[in-house]
Each structure stands twice: as C-alpha cells, then as structure tokens.
Amino acid sequence: QSTYINECGARGSSQREWGVHVQPALLASFLFLIFLEACLWVRNLRQNRRLPGPFAWPVVGNAMQLGSLPHLTFSRLAKKYGNVFQLRLGSSEVVVLNGDAIIRQALIRYGAEFAGRPNFTSFQLVSGGKSMVFGSYNTVWKKHRRIALSSIRTFSTANSQTKKRFEAHVMEEALELIQTFIHQTRKHGYFEPTHELTVAAANVICALCFGKRYCHEDMEFKALLGKVNRFGETVSAGSLVDTMPWLQAFPNPIRRIYKDFKDLNREFFEFVKDKIIQHRQTFNPEVTRDMSDAIISVIEHGTRVEDGLTKEHVEGTVNDLLGAGQDTISASLHWILLLLIKYPHIQVKLQRLIDAEVGRDRLPTFEDKSKLAYLEAFIFETMRFTSFVPVTIPHCTTCDVMIDGLHIPKDTVVFINQWSVNHDESKWKNPEVFDPSRFLDDKGAIDRDLTNSVMIFSIGKRRCIGDQIAKLQVFLFTAILLHQCTFEANPADKLTLDCTYSLTLRPLHFTICVKPREDCKDKVSTRS
Ligand code: HEM
C-alpha cells in the first residue's frame, strides 16, 4: 500500500515539475508560431504575395475548417474572398477555383498551366507509379492519355459495330441487375442496393478491359469491390494524408485511411496484373479481344515505338480505367435510384415516356436517346443537382500563372470546385430545386447550351476521357431499369439527400423495393 502511495506521490511530483517547466515553454512556442504566421500573413498581404483567403493556423493551416463536405465550405468561402482564394492544408498552399468563368479561364485558356497533378506520395502509389490519372503533365503523359482514350473509343463509340457491342454489355448488366434486385426484394423486402450497383458498374468496365464479367455472388470480386469506394478518401480534395505527413507517425484516423488506401491499391493492382499476365500469355496480334489486348498491342508490339512508355504502363493504364470507370458510374446510379424513389411522379412520367416511344415489345437502346429528351434531362439534372464529383482530382500549376489578376506560383495545388458551377445562382434558376424540365426548351427538346454548362466531367487537358461511355451507360441503365421495373421507397426510411464525400458523393443509407412491371415479368425471368 505504502509503496503504491510513494510511487504515486513520486510520479505526481515529477509530473508537476515537468508541467512547471515544459508547459510554459510549449505555450510560448505555440504563441511564437502564431505570431510568426500572422507576421508572414500580413507581410504577404501587403506585398500582394498572398491571395485572398482565411487566416491559416500554424501547423494545420485551414484543415479544421473544411468540414465533411469541402465543396460547400469552398463555395461559402468564395462568397467572402472571391472565386479565386487561397488556403493552407498542413504544409501545402492550395488555391481553390470557383464559378464557371474562372474555372473555364483556368482550364481552357491556361490549360497547360493548370494541367499538373500535385507531387503527393499517395498519387505515386497508384497503378504501381505508372498512373495516367495521377501522373504529372509531360510528353510521356500525353502519349499515355492518347493511348488510353483511343482504347476506350475502339471498344465503344468508334463505329456502329463497336457501339452495338458496347450496348450489348450494358444491356446484359442492366438485366442481371434487375434479376438480383428482384431476388433481393423477394428475400428481404426492402434492401440497400449498394453491392448490386457496384458490381453492375464494375462488370461493364471489366467486360471492356478483360472481356469478362463476374457474377453478383462472386466472393472474391465482392471483397475486392467492397473497399474500392474508400480510394477517394485519400486522393480527394481536402484529404490530409499528403498535406500532413507527420500524422503517419502515431495512431489516428488519417493514418488508418492511408493504410487502407495502400492495402486496397495493392490488392486491386494485383488483380489487374494477374489479368494482364493472362492476356500476354494468350496474346494474338491478329485478334484484339478487349482493351487490355489493345493497350498491350500499342505499347508492347506497336510499330511506332512509344518513347517513355514501358510494359508497366500497360498495367497502369488498365488499372486507371478500371478504377475511374467504376466508382463514378456506381455513384451516379445510386443517385438516380434515390431521386426516382424520392420523386415518384417523375418516375411515372419517365416510364410513360419510355413506354410511348419504345413500346413494350423490346428493350430501350442507345438509338432511342434522341426520342427520350425528358430522360436525358433527368440524367443531366441528376448530375447538376447532386454534382456527385463535386471537386475534381487535385490539379497543380505547371508554371507561374496569373488568373483574375492574381499570381499563382508554379507547383501550387489547385482544387476545382465543380459544385460551385452547377449551383451558381446567376446561371441556374433555383439551383437548389431538382427540376429536370429546366433542360427542355419550349418544344420539349434538349437545350444543348444548358446541358453543356453542367460541369461534372471537368474540362480542358484533364477532362474525363470516359465521359462519352459514361453518358451512354447511365442513359441505358436508367432506361432499361425504368422500362422493366418500378422502384419504391421504404416508408421506414427518412429519405434525405444527405451524403458522404470521398472524391464522389454518395447518398447515406437508403433502402428500396423493386417490382417488375406487369407485362415485363416474363422477359426478365426467362433470361436466367
Ligand atoms: C458519370 C461518370 C463519370 C464522371 C462523373 C467522371 C468524372 C471525372 C472527373 C471529374 C475527372 C477528373 C478530371 C480532372 O481532374 O480535372 C475524371 C478523370 C478521369 N476519368 Fe472520369 N468520370 C466518369 C466516368 C469515367 C469512366 C467510365 C472512365 C473510363 C472508363 C473514366 C476515366 C477517367 C480517366 C482516365 C480520368 C483521368 C483523366 C486525366 O487525368 O487526364 N471516367 N473523371
């Protein structure tokens, strides 16, 4: 007992001594850092070296101010500091661009100047360091992007035959999705559609890349995809993984996020490498079976040597396409289902339109798009209203550049706030209201000027290269789902539009029940 008291006493007094000496020193250092930061801030402001923006605290900068939905914080700050403002996240100075005019000026007029990617450690990890999506802007990167883009086109929109083949992949997936939806409804009543939508989206891009799809119950595929939507937690705007590297030194949520990111990157890349090895072993220069063959053919067997691109770029490219083409499509389908059950009158209107234009004897196809203006308007409004990729992948400046009279030095990290373009009150009437008819003119035709104003695929040199196939896929999935089924909300769910952010925005938990439409039951069930 006495030993215990003595020990406690001894520890207590040494702690007090430590406190007496060290705490004032810590406090003094902290105050000194704040003072230093304030002096630098005032000096930079006087010399016009710092862009407008909120005061950045020592060490953390503005990291604590971002909140869970950074695009909303950026839009709020833009109202106070203007459409070009500066933040500091840990050690990185970040410029945030907002609003249609500024973003177009930066990404189109000064396209090359804003086309870089930050030199973040996490970016170097993706696709074994040979990623095009996360790679720096240079001559090799341009060749890499051209190859990726042409391989997508070859297997989708290149000509009417390739388009038909692509259409067949999407149709097959949409019908499989309906089967599993109906199965889940029979088994559980209301269910969460996340797994089914993730597999459907992944299968379309797997069919293009590997000529192979996976069944919804495949446990290996399920485990792989289960983690993929966590990728964005590390690489999205506002992630602290790269801007505060010292957080990796002790246990905390950011260290866990980075560990998960490394693990899922490794697993995903192993999966891709395995498929590419199989493709190399069975490669036949006379027959290009899928995008992997097409990329192997250009990089490894091309008549024109693609300087700077190595064998490892094959795996890198396929890994990029698989990653980029999966999470985004699955996020868009989540939002579409949520909006269909939230606004049942819009669902009915869409079904009536599809029935009238397509009929009940066949499934909708890509060719029906021109007759289904309200459906296209619904999809554009979903993209605008939710802005489910609210901020692009972080950019960085490739040289010193002036924008809106403000000087941005080379190698500055740049966040592009797409959400601010889609919710700009000077451009959109009642931007906070979900209204597909805003995209239709007096005659009920699509207003192309307006649809082109929606910013979700970014613009300029880093614009998404999957935008065409993404729009086709989302159109056909939605048309077939509505043609075949009715979607109902769970009365027990509070149907909110609240969401989580990690590169893409995803709705919080919601459940649905899916009923085959009367005259379609046979068509769906006879497929199995
Ligand atoms: C609705 C679906 C999609 C949306 C909303 C979307 C959006 C985006 C956005 C915002 C970026 C970042 C651009 C930037 O950093 O400025 C991007 C990049 C990219 N996307 Fe998509 N995407 C979609 C589907 C796809 C698909 C299906 C593919 C391919 C199969 C794809 C391939 C890529 C690639 C390779 C990049 C990197 C481009 C670069 O860094 O140069 N995306 N996408």
# chains A, B, ... in the order shown; residues from 1 in each chain; ligands from 1
$ residues_near_ligand --ligand "ligand 1" --cutoff "7 Å" --atoms "only C-alpha atoms and all ligand atoms" --output "PyMOL selection string"
chain A and resi 132-134+145+152+205+320-322+324-326+328-329+332+388-389+391-395+456-459+461-467+469-471
$ residues_around --residues "Gly211 in chain A" --least-positions-apart "6" --cutoff "10 Å" --atoms "only C-alpha atoms" --output "list in words"
His169, Asn203, Val204, Ile205, Arg289, Asp290, Met291, Ser292 and Asp293 of chain A
$ write_last_selection --atoms "C-alpha atoms" --output "compact mmCIF listing (two decimals), in the first residue's frame"
# COMPACT_ATOMS: atom_id res chain seq x y z
CA HIS A 169 -22.51 -5.31 -72.46
CA ASN A 203 -18.78 -5.51 -64.73
CA VAL A 204 -19.24 -3.12 -67.67
CA ILE A 205 -15.68 -1.83 -67.40
CA ARG A 289 -10.22 -9.21 -77.82
CA ASP A 290 -10.56 -6.27 -75.42
CA MET A 291 -8.94 -3.06 -74.16
CA SER A 292 -6.11 -4.93 -72.41
CA ASP A 293 -5.14 -6.50 -75.76
$ closest_atom_pairs --of "range 135-249 of chain A" --to "range 416-438 of chain A" --cutoff "12 Å" --atoms "only C-alpha atoms" --output "JSON lines"
{"residue": "A:Ser236", "atom": "CA", "partner": "A:Ile416", "partner_atom": "CA", "distance": 11.1}
{"residue": "A:Ala237", "atom": "CA", "partner": "A:Ile416", "partner_atom": "CA", "distance": 8.8}
{"residue": "A:Gly238", "atom": "CA", "partner": "A:Ile416", "partner_atom": "CA", "distance": 11.6}
$ residues_around --residues "Leu372 in chain A" --least-positions-apart "3" --cutoff "12 Å" --atoms "only C-alpha atoms" --output "PyMOL selection string"
chain A and resi 349-358+364-369+375-379+440+444-446+475-476+478-479
$ residues_around --residues "Cys513 in chain A" --least-positions-apart "5" --cutoff "7 Å" --atoms "only C-alpha atoms" --output "list in words"
Thr185, Gly189, Tyr190, Phe191, Phe487, Glu488 and Ala489 of chain A
$ residues_around --residues "Asn138 in chain A" --least-positions-apart "3" --cutoff "12 Å" --atoms "only C-alpha atoms" --output "MDAnalysis selection string"
chainID A and resid 112:113 115:117 132 135 141:145 308 398 461
$ write_last_selection --atoms "N, CA and C atoms" --output "PDB file, in the first residue's frame"
ATOM      1  N   ALA A 112      -2.605  24.248 -70.198  1.00  0.00           N
ATOM      2  CA  ALA A 112      -1.353  23.562 -69.866  1.00  0.00           C
ATOM      3  C   ALA A 112      -0.837  24.006 -68.494  1.00  0.00           C
ATOM      4  N   GLU A 113      -1.057  25.278 -68.165  1.00  0.00           N
ATOM      5  CA  GLU A 113      -0.550  25.819 -66.892  1.00  0.00           C
ATOM      6  C   GLU A 113      -1.236  25.161 -65.688  1.00  0.00           C
ATOM      7  N   ALA A 115      -2.629  21.993 -65.800  1.00  0.00           N
ATOM      8  CA  ALA A 115      -2.860  20.571 -66.085  1.00  0.00           C
ATOM      9  C   ALA A 115      -2.021  19.616 -65.227  1.00  0.00           C
ATOM     10  N   GLY A 116      -1.249  20.139 -64.286  1.00  0.00           N
ATOM     11  CA  GLY A 116      -0.386  19.261 -63.484  1.00  0.00           C
ATOM     12  C   GLY A 116      -1.166  18.523 -62.408  1.00  0.00           C
ATOM     13  N   ARG A 117      -0.519  17.528 -61.816  1.00  0.00           N
ATOM     14  CA  ARG A 117      -1.053  16.873 -60.612  1.00  0.00           C
ATOM     15  C   ARG A 117      -0.021  17.088 -59.509  1.00  0.00           C
ATOM     16  N   MET A 132      -1.841   7.229 -65.286  1.00  0.00           N
ATOM     17  CA  MET A 132      -2.059   8.403 -66.134  1.00  0.00           C
ATOM     18  C   MET A 132      -2.926   9.406 -65.374  1.00  0.00           C
ATOM     19  N   GLY A 135      -0.685  11.018 -62.843  1.00  0.00           N
ATOM     20  CA  GLY A 135       0.664  11.348 -63.311  1.00  0.00           C
ATOM     21  C   GLY A 135       0.830  12.819 -63.653  1.00  0.00           C
ATOM     22  N   TRP A 141       3.210  11.617 -70.607  1.00  0.00           N
ATOM     23  CA  TRP A 141       1.820  11.583 -70.134  1.00  0.00           C
ATOM     24  C   TRP A 141       0.839  11.803 -71.301  1.00  0.00           C
ATOM     25  N   LYS A 142       1.204  12.702 -72.210  1.00  0.00           N
ATOM     26  CA  LYS A 142       0.300  12.984 -73.344  1.00  0.00           C
ATOM     27  C   LYS A 142       0.105  11.730 -74.194  1.00  0.00           C
ATOM     28  N   LYS A 143       1.205  10.985 -74.438  1.00  0.00           N
ATOM     29  CA  LYS A 143       1.094   9.736 -75.217  1.00  0.00           C
ATOM     30  C   LYS A 143       0.246   8.722 -74.450  1.00  0.00           C
ATOM     31  N   HIS A 144       0.491   8.672 -73.146  1.00  0.00           N
ATOM     32  CA  HIS A 144      -0.226   7.730 -72.286  1.00  0.00           C
ATOM     33  C   HIS A 144      -1.736   7.998 -72.354  1.00  0.00           C
ATOM     34  N   ARG A 145      -2.110   9.271 -72.233  1.00  0.00           N
ATOM     35  CA  ARG A 145      -3.533   9.645 -72.277  1.00  0.00           C
ATOM     36  C   ARG A 145      -4.132   9.316 -73.640  1.00  0.00           C
ATOM     37  N   GLY A 308       9.306   6.242 -73.819  1.00  0.00           N
ATOM     38  CA  GLY A 308       8.989   6.557 -72.423  1.00  0.00           C
ATOM     39  C   GLY A 308       7.916   5.664 -71.838  1.00  0.00           C
ATOM     40  N   THR A 398       1.748  24.085 -63.508  1.00  0.00           N
ATOM     41  CA  THR A 398       2.997  23.590 -64.098  1.00  0.00           C
ATOM     42  C   THR A 398       4.025  24.726 -64.247  1.00  0.00           C
ATOM     43  N   LYS A 461      -7.449  19.951 -70.390  1.00  0.00           N
ATOM     44  CA  LYS A 461      -6.488  18.880 -70.661  1.00  0.00           C
ATOM     45  C   LYS A 461      -6.679  17.652 -69.798  1.00  0.00           C
TER      46      LYS A 461
END
$ closest_residue --among "A:Phe250, A:Phe380, A:Tyr343, A:Phe231" --to "Gly323 in chain A" --atoms "only C-alpha atoms"
A:Phe231
$ residues_around --residues "Ile178 in chain A" --least-positions-apart "3" --cutoff "9 Å" --atoms "only C-alpha atoms" --output "CSV table (one decimal) with N, CA and C atoms, in the first residue's frame"
chain,number,residue,atom,x,y,z
A,173,GLU,N,-25.7,-6.3,-68.4
A,173,GLU,CA,-25.6,-5.9,-67.0
A,173,GLU,C,-26.8,-5.4,-66.4
A,174,ALA,N,-27.6,-4.6,-67.2
A,174,ALA,CA,-28.8,-4.0,-66.6
A,174,ALA,C,-29.8,-5.1,-66.3
A,175,LEU,N,-29.9,-6.1,-67.2
A,175,LEU,CA,-30.8,-7.2,-67.0
A,175,LEU,C,-30.4,-8.1,-65.8
A,181,PHE,N,-32.0,-7.5,-58.2
A,181,PHE,CA,-32.9,-6.6,-57.5
A,181,PHE,C,-34.2,-7.3,-57.1
A,182,ILE,N,-34.7,-8.1,-58.1
A,182,ILE,CA,-36.0,-8.7,-57.8
A,182,ILE,C,-35.8,-9.9,-56.8
A,183,HIS,N,-34.6,-10.5,-56.9
A,183,HIS,CA,-34.3,-11.6,-55.9
A,183,HIS,C,-34.2,-11.0,-54.5
A,481,LEU,N,-33.9,0.0,-66.6
A,481,LEU,CA,-34.5,-0.2,-65.3
A,481,LEU,C,-35.9,0.3,-65.2
A,484,GLN,N,-38.4,-1.8,-67.2
A,484,GLN,CA,-38.7,-3.1,-66.7
A,484,GLN,C,-39.3,-3.1,-65.2
A,485,CYS,N,-39.0,-2.1,-64.5
A,485,CYS,CA,-39.3,-2.1,-63.0
A,485,CYS,C,-39.9,-0.8,-62.5
A,514,VAL,N,-38.0,-3.4,-55.4
A,514,VAL,CA,-38.1,-3.3,-56.8
A,514,VAL,C,-39.1,-4.3,-57.3
A,516,PRO,N,-41.1,-5.9,-60.6
A,516,PRO,CA,-41.2,-6.0,-62.1
A,516,PRO,C,-42.5,-5.4,-62.6
A,524,VAL,N,-37.9,-10.6,-68.1
A,524,VAL,CA,-36.8,-10.6,-67.2
A,524,VAL,C,-36.5,-12.0,-66.7
$ atom_distance --atom1 "CA of Phe55 in chain A" --atom2 "CA of Trp246 in chain A"
21.7 Å
$ atom_distance --atom1 "CA of Val287 in chain A" --atom2 "CA of Val199 in chain A"
27.7 Å
$ closest_residue --among "A:Pro58, A:Ser131, A:Gly53, A:Leu337" --to "Phe74 in chain A" --atoms "only C-alpha atoms"
A:Gly53
$ select_by_dssp --residues "range 253-497 of chain A" --states "strand (DSSP E)" --output "compact mmCIF listing (two decimals) with C-alpha atoms, in the first residue's frame"
# COMPACT_ATOMS: atom_id res chain seq x y z
CA HIS A 395 -4.57 19.73 -60.07
CA CYS A 396 -1.35 21.71 -59.73
CA VAL A 401 0.45 31.87 -63.88
CA MET A 402 -1.82 34.92 -63.46
CA ILE A 403 -5.56 34.46 -63.14
CA LEU A 406 -3.79 37.15 -59.11
CA HIS A 407 -0.40 35.49 -59.25
CA ILE A 408 -0.25 31.72 -58.63
CA VAL A 413 -2.04 22.66 -55.53
CA VAL A 414 -5.32 23.69 -57.19
CA PHE A 415 -8.83 22.49 -56.28
CA ILE A 416 -11.53 22.89 -58.96
CA CYS A 485 -39.31 -2.14 -63.03
CA THR A 486 -40.90 0.20 -60.54
CA PHE A 487 -38.82 1.40 -57.58
CA GLU A 488 -40.37 2.13 -54.21
CA ALA A 489 -39.05 3.86 -51.11
$ closest_residue --among "A:Lys130, A:Gly405, A:Phe155, A:Leu69" --to "Ile102 in chain A" --atoms "only C-alpha atoms"
A:Gly405
$ closest_residue --among "A:Val94, A:Val235, A:Ile277, A:Ile480" --to "Arg517 in chain A" --atoms "only C-alpha atoms"
A:Ile480
$ closest_residue --among "A:Thr234, A:Asn319, A:Ser387, A:Thr180" --to "Asp274 in chain A" --atoms "only C-alpha atoms"
A:Asn319
